[in-house]
file my_file.cif (mmCIF, N, CA and C atoms and all ligand atoms)
data_work
loop_
_atom_site.label_atom_id
_atom_site.label_comp_id
_atom_site.auth_asym_id
_atom_site.auth_seq_id
_atom_site.Cartn_x
_atom_site.Cartn_y
_atom_site.Cartn_z
N MET A 1 99.56 101.14 114.69
CA MET A 1 98.45 101.28 115.63
C MET A 1 97.15 100.86 114.94
N LYS A 2 96.35 100.11 115.66
CA LYS A 2 95.06 99.65 115.15
C LYS A 2 94.20 100.87 114.80
N ASP A 3 93.45 100.76 113.72
CA ASP A 3 92.53 101.81 113.32
C ASP A 3 93.21 103.10 112.81
N CYS A 4 94.49 103.03 112.54
CA CYS A 4 95.17 104.19 111.94
C CYS A 4 95.32 103.93 110.44
N LEU A 5 94.78 104.83 109.64
CA LEU A 5 94.80 104.67 108.18
C LEU A 5 96.23 104.51 107.65
N PHE A 6 97.13 105.36 108.10
CA PHE A 6 98.49 105.30 107.55
C PHE A 6 99.25 104.08 108.07
N CYS A 7 98.97 103.62 109.28
CA CYS A 7 99.57 102.35 109.73
C CYS A 7 99.09 101.20 108.82
N LYS A 8 97.83 101.27 108.41
CA LYS A 8 97.31 100.24 107.50
C LYS A 8 97.98 100.31 106.14
N ILE A 9 98.26 101.51 105.67
CA ILE A 9 98.98 101.66 104.40
C ILE A 9 100.41 101.13 104.57
N ILE A 10 101.05 101.46 105.67
CA ILE A 10 102.42 101.00 105.94
C ILE A 10 102.47 99.47 105.99
N ASN A 11 101.45 98.88 106.61
CA ASN A 11 101.40 97.41 106.76
C ASN A 11 100.81 96.72 105.54
N LYS A 12 100.48 97.49 104.49
CA LYS A 12 99.93 96.97 103.22
C LYS A 12 98.54 96.34 103.42
N GLU A 13 97.85 96.73 104.47
CA GLU A 13 96.47 96.27 104.66
C GLU A 13 95.55 97.09 103.77
N ILE A 14 95.97 98.32 103.45
CA ILE A 14 95.25 99.17 102.50
C ILE A 14 96.21 99.48 101.37
N LYS A 15 95.68 99.38 100.15
CA LYS A 15 96.51 99.59 98.96
C LYS A 15 96.88 101.07 98.80
N SER A 16 98.11 101.30 98.41
CA SER A 16 98.50 102.67 98.07
C SER A 16 99.62 102.60 97.04
N ASP A 17 99.95 103.75 96.50
CA ASP A 17 101.00 103.82 95.49
C ASP A 17 102.31 104.20 96.17
N ILE A 18 103.01 103.20 96.71
CA ILE A 18 104.26 103.45 97.45
C ILE A 18 105.39 103.66 96.45
N ILE A 19 106.10 104.78 96.61
CA ILE A 19 107.20 105.05 95.67
C ILE A 19 108.57 104.86 96.32
N TYR A 20 108.61 104.79 97.64
CA TYR A 20 109.90 104.58 98.34
C TYR A 20 109.62 104.02 99.72
N GLU A 21 110.50 103.13 100.15
CA GLU A 21 110.35 102.54 101.48
C GLU A 21 111.71 102.12 101.98
N ASN A 22 111.99 102.38 103.24
CA ASN A 22 113.17 101.79 103.87
C ASN A 22 112.77 101.31 105.27
N GLU A 23 113.74 101.05 106.10
CA GLU A 23 113.46 100.46 107.41
C GLU A 23 112.54 101.34 108.27
N ASN A 24 112.65 102.64 108.10
CA ASN A 24 111.94 103.57 108.99
C ASN A 24 110.88 104.43 108.33
N VAL A 25 110.88 104.48 107.02
CA VAL A 25 110.08 105.49 106.31
C VAL A 25 109.32 104.87 105.14
N VAL A 26 108.12 105.36 104.89
CA VAL A 26 107.38 105.00 103.67
C VAL A 26 106.93 106.30 102.99
N VAL A 27 107.03 106.32 101.67
CA VAL A 27 106.57 107.47 100.88
C VAL A 27 105.56 106.95 99.85
N PHE A 28 104.38 107.55 99.84
CA PHE A 28 103.35 107.13 98.89
C PHE A 28 102.62 108.33 98.33
N LYS A 29 101.92 108.11 97.20
CA LYS A 29 101.20 109.20 96.54
C LYS A 29 99.94 109.55 97.33
N ASP A 30 99.68 110.86 97.48
CA ASP A 30 98.44 111.30 98.11
C ASP A 30 97.26 110.91 97.21
N ILE A 31 96.19 110.43 97.83
CA ILE A 31 95.03 109.97 97.05
C ILE A 31 94.29 111.14 96.41
N ASN A 32 94.49 112.35 96.95
CA ASN A 32 93.79 113.54 96.46
C ASN A 32 94.81 114.64 96.19
N PRO A 33 95.61 114.47 95.13
CA PRO A 33 96.78 115.34 94.94
C PRO A 33 96.41 116.81 94.73
N GLN A 34 97.17 117.68 95.38
CA GLN A 34 96.98 119.12 95.28
C GLN A 34 98.07 119.76 94.42
N ALA A 35 98.88 118.94 93.79
CA ALA A 35 99.96 119.41 92.91
C ALA A 35 100.31 118.24 92.00
N PRO A 36 100.97 118.50 90.86
CA PRO A 36 101.34 117.40 89.97
C PRO A 36 102.15 116.32 90.68
N VAL A 37 103.04 116.74 91.61
CA VAL A 37 103.67 115.77 92.51
C VAL A 37 103.13 116.05 93.91
N HIS A 38 102.50 115.07 94.52
CA HIS A 38 102.01 115.23 95.90
C HIS A 38 102.17 113.89 96.61
N LEU A 39 103.21 113.85 97.44
CA LEU A 39 103.55 112.61 98.15
C LEU A 39 103.35 112.80 99.65
N LEU A 40 103.18 111.69 100.34
CA LEU A 40 103.13 111.71 101.80
C LEU A 40 104.27 110.85 102.32
N LEU A 41 105.09 111.44 103.18
CA LEU A 41 106.21 110.72 103.76
C LEU A 41 105.88 110.48 105.24
N VAL A 42 105.90 109.22 105.65
CA VAL A 42 105.49 108.88 107.02
C VAL A 42 106.55 108.02 107.70
N PRO A 43 106.73 108.19 109.02
CA PRO A 43 107.56 107.23 109.75
C PRO A 43 106.77 105.93 109.91
N LYS A 44 107.47 104.79 109.88
CA LYS A 44 106.75 103.52 110.08
C LYS A 44 106.22 103.41 111.51
N GLN A 45 106.95 104.01 112.43
CA GLN A 45 106.47 104.00 113.81
C GLN A 45 105.35 105.02 113.96
N HIS A 46 104.26 104.59 114.57
CA HIS A 46 103.12 105.50 114.73
C HIS A 46 103.40 106.56 115.79
N ILE A 47 103.38 107.84 115.36
CA ILE A 47 103.22 108.95 116.30
C ILE A 47 102.18 109.87 115.68
N SER A 48 101.43 110.58 116.51
CA SER A 48 100.25 111.27 115.98
C SER A 48 100.62 112.52 115.19
N SER A 49 101.70 113.18 115.58
CA SER A 49 102.09 114.41 114.88
C SER A 49 103.50 114.78 115.29
N ILE A 50 103.98 115.90 114.78
CA ILE A 50 105.35 116.35 115.12
C ILE A 50 105.45 116.71 116.60
N VAL A 51 104.32 116.92 117.25
CA VAL A 51 104.33 117.20 118.69
C VAL A 51 104.94 116.01 119.46
N GLN A 52 104.80 114.81 118.90
CA GLN A 52 105.33 113.62 119.57
C GLN A 52 106.70 113.19 119.03
N ILE A 53 107.41 114.10 118.38
CA ILE A 53 108.65 113.71 117.71
C ILE A 53 109.68 113.11 118.69
N ASP A 54 109.60 113.49 119.96
CA ASP A 54 110.53 112.94 120.96
C ASP A 54 110.40 111.42 121.11
N LYS A 55 109.29 110.86 120.64
CA LYS A 55 109.12 109.40 120.74
C LYS A 55 109.97 108.64 119.72
N LEU A 56 110.45 109.36 118.69
CA LEU A 56 111.30 108.72 117.68
C LEU A 56 112.76 108.87 118.08
N ALA A 57 113.55 107.86 117.73
CA ALA A 57 114.99 107.94 117.97
C ALA A 57 115.60 108.95 116.99
N CYS A 58 116.76 109.49 117.40
CA CYS A 58 117.39 110.52 116.56
C CYS A 58 117.73 109.98 115.17
N ASP A 59 118.12 108.71 115.07
CA ASP A 59 118.44 108.19 113.73
C ASP A 59 117.19 108.05 112.87
N GLN A 60 116.04 107.81 113.50
CA GLN A 60 114.78 107.75 112.73
C GLN A 60 114.41 109.15 112.22
N ILE A 61 114.59 110.15 113.08
CA ILE A 61 114.28 111.52 112.67
C ILE A 61 115.21 111.96 111.55
N CYS A 62 116.47 111.60 111.70
CA CYS A 62 117.46 111.94 110.68
C CYS A 62 117.07 111.33 109.34
N GLU A 63 116.61 110.08 109.40
CA GLU A 63 116.25 109.40 108.16
C GLU A 63 115.01 110.01 107.51
N LEU A 64 114.06 110.46 108.34
CA LEU A 64 112.88 111.15 107.80
C LEU A 64 113.31 112.36 106.98
N VAL A 65 114.15 113.17 107.59
CA VAL A 65 114.54 114.43 106.94
C VAL A 65 115.40 114.16 105.71
N LYS A 66 116.33 113.23 105.83
CA LYS A 66 117.16 112.89 104.67
C LYS A 66 116.33 112.31 103.54
N SER A 67 115.29 111.57 103.88
CA SER A 67 114.43 110.97 102.85
C SER A 67 113.70 112.04 102.05
N ILE A 68 113.31 113.14 102.73
CA ILE A 68 112.65 114.24 102.01
C ILE A 68 113.60 114.76 100.93
N SER A 69 114.85 114.99 101.32
CA SER A 69 115.84 115.50 100.38
C SER A 69 116.10 114.51 99.24
N LYS A 70 116.23 113.24 99.59
CA LYS A 70 116.51 112.20 98.59
C LYS A 70 115.38 112.12 97.55
N ILE A 71 114.14 112.09 98.04
CA ILE A 71 112.99 111.98 97.14
C ILE A 71 112.90 113.23 96.25
N ALA A 72 113.08 114.39 96.88
CA ALA A 72 112.99 115.64 96.11
C ALA A 72 114.02 115.65 94.98
N LYS A 73 115.22 115.22 95.28
CA LYS A 73 116.26 115.21 94.25
C LYS A 73 115.97 114.16 93.18
N GLU A 74 115.54 112.98 93.61
CA GLU A 74 115.27 111.91 92.64
C GLU A 74 114.15 112.30 91.67
N LEU A 75 113.19 113.08 92.17
CA LEU A 75 112.06 113.47 91.31
C LEU A 75 112.31 114.79 90.60
N GLY A 76 113.50 115.36 90.81
CA GLY A 76 113.85 116.60 90.11
C GLY A 76 113.12 117.81 90.64
N LEU A 77 112.66 117.75 91.90
CA LEU A 77 111.95 118.89 92.46
C LEU A 77 112.90 119.97 92.94
N ASP A 78 114.15 119.59 93.16
CA ASP A 78 115.10 120.52 93.80
C ASP A 78 115.45 121.69 92.88
N SER A 79 115.36 121.51 91.57
CA SER A 79 115.77 122.60 90.68
C SER A 79 114.73 123.72 90.67
N SER A 80 113.45 123.36 90.55
CA SER A 80 112.42 124.40 90.44
C SER A 80 111.89 124.82 91.80
N GLY A 81 111.99 123.96 92.80
CA GLY A 81 111.45 124.25 94.12
C GLY A 81 110.29 123.33 94.46
N PHE A 82 110.04 123.20 95.72
CA PHE A 82 108.94 122.33 96.17
C PHE A 82 108.54 122.75 97.57
N ARG A 83 107.46 122.18 98.06
CA ARG A 83 106.97 122.54 99.40
C ARG A 83 106.83 121.29 100.25
N VAL A 84 107.23 121.43 101.52
CA VAL A 84 107.07 120.36 102.52
C VAL A 84 106.18 120.92 103.62
N VAL A 85 105.09 120.19 103.93
CA VAL A 85 104.11 120.68 104.91
C VAL A 85 103.78 119.55 105.87
N THR A 86 103.69 119.87 107.15
CA THR A 86 103.11 118.90 108.08
C THR A 86 102.02 119.61 108.88
N ASN A 87 100.79 119.41 108.46
CA ASN A 87 99.66 119.99 109.17
C ASN A 87 99.57 119.34 110.54
N THR A 88 99.39 120.19 111.56
CA THR A 88 99.42 119.68 112.93
C THR A 88 98.22 120.22 113.70
N GLY A 89 97.32 119.31 114.05
CA GLY A 89 96.17 119.70 114.86
C GLY A 89 95.03 120.32 114.06
N THR A 90 94.00 120.68 114.80
CA THR A 90 92.73 121.09 114.22
C THR A 90 92.83 122.34 113.36
N SER A 91 93.47 123.38 113.88
CA SER A 91 93.46 124.65 113.14
C SER A 91 94.27 124.56 111.86
N ALA A 92 95.20 123.62 111.81
CA ALA A 92 96.00 123.44 110.60
C ALA A 92 95.34 122.46 109.63
N GLY A 93 94.25 121.83 110.06
CA GLY A 93 93.51 120.93 109.17
C GLY A 93 94.06 119.52 109.09
N GLN A 94 94.80 119.09 110.12
CA GLN A 94 95.30 117.71 110.10
C GLN A 94 94.11 116.75 110.14
N SER A 95 94.08 115.84 109.16
CA SER A 95 92.93 114.92 109.08
C SER A 95 93.31 113.48 109.36
N VAL A 96 94.60 113.17 109.36
CA VAL A 96 95.05 111.80 109.70
C VAL A 96 96.08 111.93 110.82
N ASP A 97 95.77 111.28 111.94
CA ASP A 97 96.62 111.45 113.13
C ASP A 97 97.78 110.46 113.16
N HIS A 98 98.57 110.47 112.10
CA HIS A 98 99.85 109.74 112.03
C HIS A 98 100.78 110.75 111.34
N LEU A 99 101.89 111.10 112.00
CA LEU A 99 102.78 112.12 111.44
C LEU A 99 103.03 111.88 109.95
N HIS A 100 102.83 112.93 109.16
CA HIS A 100 103.12 112.83 107.73
C HIS A 100 103.58 114.17 107.21
N PHE A 101 104.49 114.10 106.27
CA PHE A 101 104.98 115.29 105.58
C PHE A 101 104.45 115.25 104.15
N HIS A 102 103.71 116.29 103.78
CA HIS A 102 103.31 116.44 102.38
C HIS A 102 104.55 116.94 101.62
N ILE A 103 104.88 116.31 100.53
CA ILE A 103 105.93 116.79 99.63
C ILE A 103 105.24 117.12 98.30
N MET A 104 105.22 118.41 97.96
CA MET A 104 104.47 118.83 96.78
C MET A 104 105.36 119.62 95.83
N GLY A 105 105.19 119.37 94.55
CA GLY A 105 106.03 120.07 93.59
C GLY A 105 105.44 120.05 92.19
N LYS A 106 106.21 120.65 91.28
CA LYS A 106 105.87 120.77 89.86
C LYS A 106 104.74 121.76 89.60
N ARG A 107 104.58 122.71 90.53
CA ARG A 107 103.74 123.88 90.25
C ARG A 107 104.22 125.01 91.16
N ASP A 108 103.70 126.24 90.92
CA ASP A 108 104.04 127.36 91.79
C ASP A 108 103.10 127.36 93.00
N PHE A 109 103.63 127.80 94.13
CA PHE A 109 102.84 127.85 95.37
C PHE A 109 102.77 129.29 95.86
N LYS A 110 101.66 129.61 96.51
CA LYS A 110 101.49 130.96 97.06
C LYS A 110 101.96 131.00 98.51
N TRP A 111 102.28 132.21 98.97
CA TRP A 111 102.59 132.43 100.37
C TRP A 111 101.98 133.74 100.80
N PRO A 112 101.26 133.84 101.94
CA PRO A 112 101.02 132.78 102.91
C PRO A 112 100.07 131.72 102.36
N PRO A 113 100.13 130.51 102.91
CA PRO A 113 99.42 129.39 102.32
C PRO A 113 97.91 129.40 102.54
N GLY A 114 97.41 130.24 103.46
CA GLY A 114 95.96 130.29 103.66
C GLY A 114 95.49 129.31 104.72
P1 LIG B 201 96.29 116.06 106.36
O1 LIG B 201 94.93 116.58 106.00
O2 LIG B 201 96.21 115.25 107.64
O3 LIG B 201 97.37 117.08 106.40
O4 LIG B 201 96.72 115.07 105.20
C1 LIG B 201 96.15 113.82 105.02
C2 LIG B 201 96.30 113.47 103.58
O5 LIG B 201 96.03 112.09 103.44
C3 LIG B 201 95.35 114.21 102.64
O6 LIG B 201 96.07 114.98 101.70
C4 LIG B 201 94.56 113.08 101.98
O7 LIG B 201 94.29 113.33 100.60
C5 LIG B 201 95.44 111.87 102.18
N1 LIG B 201 94.74 110.61 102.26
C6 LIG B 201 93.60 110.37 102.97
N2 LIG B 201 93.23 109.08 102.84
C7 LIG B 201 94.15 108.51 102.01
C8 LIG B 201 94.30 107.18 101.50
O8 LIG B 201 93.51 106.26 101.77
N3 LIG B 201 95.36 106.95 100.68
C9 LIG B 201 96.25 107.94 100.35
N4 LIG B 201 97.24 107.60 99.54
N5 LIG B 201 96.13 109.19 100.85
C10 LIG B 201 95.10 109.47 101.65
ZN ZN B 202 99.57 105.19 112.44
#
call {"tool": "encode", "arguments": {"input": "my_file.cif", "output": "structure tokens"}}
result
Amino acid sequence: MKDCLFCKIINKEIKSDIIYENENVVVFKDINPQAPVHLLLVPKQHISSIVQIDKLACDQICELVKSISKIAKELGLDSSGFRVVTNTGTSAGQSVDHLHFHIMGKRDFKWPPG
């Protein structure tokens, strides 16, 4: 989508540190990391948030979720633990309106998250 920051990253119009990519998914480093590992996993197809998940095909959704597991294991996050977050809407502090999953690890996290 025109004027979407993450679509521009997906299309390589804006530079980012992409660590994994397949037909449906891109994973890149967050520009302002909140943990030693802080990645953003996005579907290549633009949807604004998880509220619009019905717009994705089931195989795309499956690949999103499997990619989280694959990346976590490849980076060794699965042994110590990690956090997956998708901020949705204003009260959750979503700042980019393209569905994204934060994958954060290599530190301890508090609960509730605040
Ligand atoms: P949200 O606040 O919507 O949950 O998450 C958006 C995330 O995108 C933030 O963690 C922010 O640091 C990250 N971000 C914003 N602009 C850029 C950018 O240009 N490049 C990268 N790699 N991350 C960005
Ligand atoms: Zn987008």
call {"tool": "atom_distance", "arguments": {"input": "my_file.cif", "atom1": "CA of Cys58 in chain A", "atom2": "CA of Lys8 in chain A"}}
result
24.3 Å
call {"tool": "residues_near_ligand", "arguments": {"input": "my_file.cif", "ligand": "ligand LIG 201 (chain B)", "cutoff": "7 Å", "atoms": "all atoms listed in the file", "output": "JSON, numbers by chain"}}
result
{"A": [5, 15, 16, 17, 28, 29, 30, 31, 32, 33, 34, 85, 86, 87, 88, 92, 93, 94, 95, 96, 97, 98, 100, 102]}
call {"tool": "closest_residue", "arguments": {"input": "my_file.cif", "among": "A:Phe101, A:Phe82, A:Phe6, A:Trp111", "to": "ligand ZN 202 (chain B)", "atoms": "all atoms listed in the file"}}
result
A:Phe6
call {"tool": "residues_near_ligand", "arguments": {"input": "my_file.cif", "ligand": "ligand ZN 202 (chain B)", "cutoff": "12 Å", "atoms": "only C-alpha atoms and all ligand atoms", "output": "tab-separated table (two decimals) with N, CA and C atoms, keeping the file's coordinate frame"}}
result
chain	number	residue	atom	x	y	z
A	1	MET	N	99.56	101.14	114.69
A	1	MET	CA	98.45	101.28	115.63
A	1	MET	C	97.15	100.86	114.94
A	2	LYS	N	96.35	100.11	115.66
A	2	LYS	CA	95.06	99.65	115.15
A	2	LYS	C	94.20	100.87	114.80
A	3	ASP	N	93.45	100.76	113.72
A	3	ASP	CA	92.53	101.81	113.32
A	3	ASP	C	93.21	103.10	112.81
A	4	CYS	N	94.49	103.03	112.54
A	4	CYS	CA	95.17	104.19	111.94
A	4	CYS	C	95.32	103.93	110.44
A	5	LEU	N	94.78	104.83	109.64
A	5	LEU	CA	94.80	104.67	108.18
A	5	LEU	C	96.23	104.51	107.65
A	6	PHE	N	97.13	105.36	108.10
A	6	PHE	CA	98.49	105.30	107.55
A	6	PHE	C	99.25	104.08	108.07
A	7	CYS	N	98.97	103.62	109.28
A	7	CYS	CA	99.57	102.35	109.73
A	7	CYS	C	99.09	101.20	108.82
A	8	LYS	N	97.83	101.27	108.41
A	8	LYS	CA	97.31	100.24	107.50
A	8	LYS	C	97.98	100.31	106.14
A	9	ILE	N	98.26	101.51	105.67
A	9	ILE	CA	98.98	101.66	104.40
A	9	ILE	C	100.41	101.13	104.57
A	10	ILE	N	101.05	101.46	105.67
A	10	ILE	CA	102.42	101.00	105.94
A	10	ILE	C	102.47	99.47	105.99
A	11	ASN	N	101.45	98.88	106.61
A	11	ASN	CA	101.40	97.41	106.76
A	11	ASN	C	100.81	96.72	105.54
A	26	VAL	N	108.12	105.36	104.89
A	26	VAL	CA	107.38	105.00	103.67
A	26	VAL	C	106.93	106.30	102.99
A	42	VAL	N	105.90	109.22	105.65
A	42	VAL	CA	105.49	108.88	107.02
A	42	VAL	C	106.55	108.02	107.70
A	43	PRO	N	106.73	108.19	109.02
A	43	PRO	CA	107.56	107.23	109.75
A	43	PRO	C	106.77	105.93	109.91
A	44	LYS	N	107.47	104.79	109.88
A	44	LYS	CA	106.75	103.52	110.08
A	44	LYS	C	106.22	103.41	111.51
A	45	GLN	N	106.95	104.01	112.43
A	45	GLN	CA	106.47	104.00	113.81
A	45	GLN	C	105.35	105.02	113.96
A	46	HIS	N	104.26	104.59	114.57
A	46	HIS	CA	103.12	105.50	114.73
A	46	HIS	C	103.40	106.56	115.79
A	47	ILE	N	103.38	107.84	115.36
A	47	ILE	CA	103.22	108.95	116.30
A	47	ILE	C	102.18	109.87	115.68
A	48	SER	N	101.43	110.58	116.51
A	48	SER	CA	100.25	111.27	115.98
A	48	SER	C	100.62	112.52	115.19
A	49	SER	N	101.70	113.18	115.58
A	49	SER	CA	102.09	114.41	114.88
A	49	SER	C	103.50	114.78	115.29
A	96	VAL	N	94.60	113.17	109.36
A	96	VAL	CA	95.05	111.80	109.70
A	96	VAL	C	96.08	111.93	110.82
A	97	ASP	N	95.77	111.28	111.94
A	97	ASP	CA	96.62	111.45	113.13
A	97	ASP	C	97.78	110.46	113.16
A	98	HIS	N	98.57	110.47	112.10
A	98	HIS	CA	99.85	109.74	112.03
A	98	HIS	C	100.78	110.75	111.34
A	99	LEU	N	101.89	111.10	112.00
A	99	LEU	CA	102.78	112.12	111.44
A	99	LEU	C	103.03	111.88	109.95
A	100	HIS	N	102.83	112.93	109.16
A	100	HIS	CA	103.12	112.83	107.73
A	100	HIS	C	103.58	114.17	107.21
call {"tool": "atom_distance", "arguments": {"input": "my_file.cif", "atom1": "CA of Asn24 in chain A", "atom2": "atom C of Arg107 in chain A"}}
result
28.9 Å
call {"tool": "atom_distance", "arguments": {"input": "my_file.cif", "atom1": "CA of Ile19 in chain A", "atom2": "CA of Pro112 in chain A"}}
result
29.3 Å
call {"tool": "closest_residue", "arguments": {"input": "my_file.cif", "among": "A:Lys66, A:Lys12, A:Phe109, A:Asp59", "to": "Arg83 in chain A", "atoms": "all atoms listed in the file"}}
result
A:Phe109
call {"tool": "closest_residue", "arguments": {"input": "my_file.cif", "among": "A:Gln52, A:Val37, A:Ser91, A:Glu23", "to": "Gly76 in chain A", "atoms": "only C-alpha atoms"}}
result
A:Val37
call {"tool": "axis_aligned_box", "arguments": {"input": "my_file.cif", "around": "range 6-24 of chain A", "padding_each_side": "8 Å", "output": "JSON"}}
result
{"center_x": 104.5, "center_y": 100.8, "center_z": 102.6, "size_x": 34.5, "size_y": 25.1, "size_z": 30.2}
call {"tool": "residues_around", "arguments": {"input": "my_file.cif", "residues": "Gly81 in chain A", "least_positions_apart": "2", "cutoff": "9 Å", "atoms": "only C-alpha atoms", "output": "ChimeraX atom specification"}}
result
/A:72,76-79,83,105-108
call {"tool": "select_by_dssp", "arguments": {"input": "my_file.cif", "residues": "range 2-101 of chain A", "states": "strand (DSSP E or B)", "output": "number ranges by chain"}}
result
A: 18-21, 25-29, 37-43, 82-85, 101
call {"tool": "select_by_dssp", "arguments": {"input": "my_file.cif", "residues": "chain A", "states": "alpha helix (DSSP H)", "output": "list in words"}}
result
Leu5, Phe6, Cys7, Lys8, Ile9, Ile10, Cys58, Asp59, Gln60, Ile61, Cys62, Glu63, Leu64, Val65, Lys66, Ser67, Ile68, Ser69, Lys70, Ile71, Ala72, Lys73, Glu74, Leu77, Asp78, Ser79 and Ser80 of chain A
call {"tool": "closest_residue", "arguments": {"input": "my_file.cif", "among": "A:Ile18, A:His38, A:Met104, A:Gln60", "to": "Val84 in chain A", "atoms": "only N, CA and C atoms"}}
result
A:Met104
call {"tool": "decode", "arguments": {"input": "my_file.cif", "residues": "range 21-37 of chain A", "atoms": "N, CA and C atoms", "output": "short mmCIF file (atom, residue, chain, number, x, y, z; two decimals), in the first residue's frame"}}
result
data_model
loop_
_atom_site.label_atom_id
_atom_site.label_comp_id
_atom_site.auth_asym_id
_atom_site.auth_seq_id
_atom_site.Cartn_x
_atom_site.Cartn_y
_atom_site.Cartn_z
N GLU A 21 13.10 -13.90 4.83
CA GLU A 21 12.05 -13.53 3.88
C GLU A 21 11.60 -14.78 3.14
N ASN A 22 10.31 -14.94 2.95
CA ASN A 22 9.82 -15.96 2.03
C ASN A 22 8.68 -15.35 1.21
N GLU A 23 7.91 -16.18 0.58
CA GLU A 23 6.88 -15.69 -0.35
C GLU A 23 5.86 -14.77 0.34
N ASN A 24 5.59 -15.05 1.60
CA ASN A 24 4.51 -14.34 2.30
C ASN A 24 4.93 -13.47 3.47
N VAL A 25 6.15 -13.63 3.92
CA VAL A 25 6.56 -13.03 5.20
C VAL A 25 7.92 -12.35 5.09
N VAL A 26 8.08 -11.24 5.79
CA VAL A 26 9.41 -10.62 5.94
C VAL A 26 9.67 -10.40 7.43
N VAL A 27 10.91 -10.66 7.84
CA VAL A 27 11.31 -10.41 9.24
C VAL A 27 12.53 -9.49 9.21
N PHE A 28 12.44 -8.38 9.95
CA PHE A 28 13.55 -7.44 9.98
C PHE A 28 13.74 -6.91 11.40
N LYS A 29 14.93 -6.33 11.63
CA LYS A 29 15.25 -5.82 12.97
C LYS A 29 14.49 -4.51 13.23
N ASP A 30 13.95 -4.39 14.45
CA ASP A 30 13.31 -3.13 14.84
C ASP A 30 14.37 -2.04 14.92
N ILE A 31 14.02 -0.86 14.43
CA ILE A 31 14.99 0.25 14.40
C ILE A 31 15.28 0.78 15.81
N ASN A 32 14.36 0.51 16.75
CA ASN A 32 14.50 1.02 18.12
C ASN A 32 14.32 -0.15 19.09
N PRO A 33 15.31 -1.04 19.15
CA PRO A 33 15.12 -2.31 19.86
C PRO A 33 14.88 -2.13 21.36
N GLN A 34 13.93 -2.91 21.86
CA GLN A 34 13.57 -2.89 23.28
C GLN A 34 14.10 -4.14 23.99
N ALA A 35 14.89 -4.92 23.30
CA ALA A 35 15.49 -6.14 23.87
C ALA A 35 16.71 -6.46 22.99
N PRO A 36 17.64 -7.27 23.50
CA PRO A 36 18.81 -7.62 22.69
C PRO A 36 18.43 -8.22 21.33
N VAL A 37 17.35 -9.03 21.32
CA VAL A 37 16.76 -9.44 20.04
C VAL A 37 15.39 -8.78 19.95
#
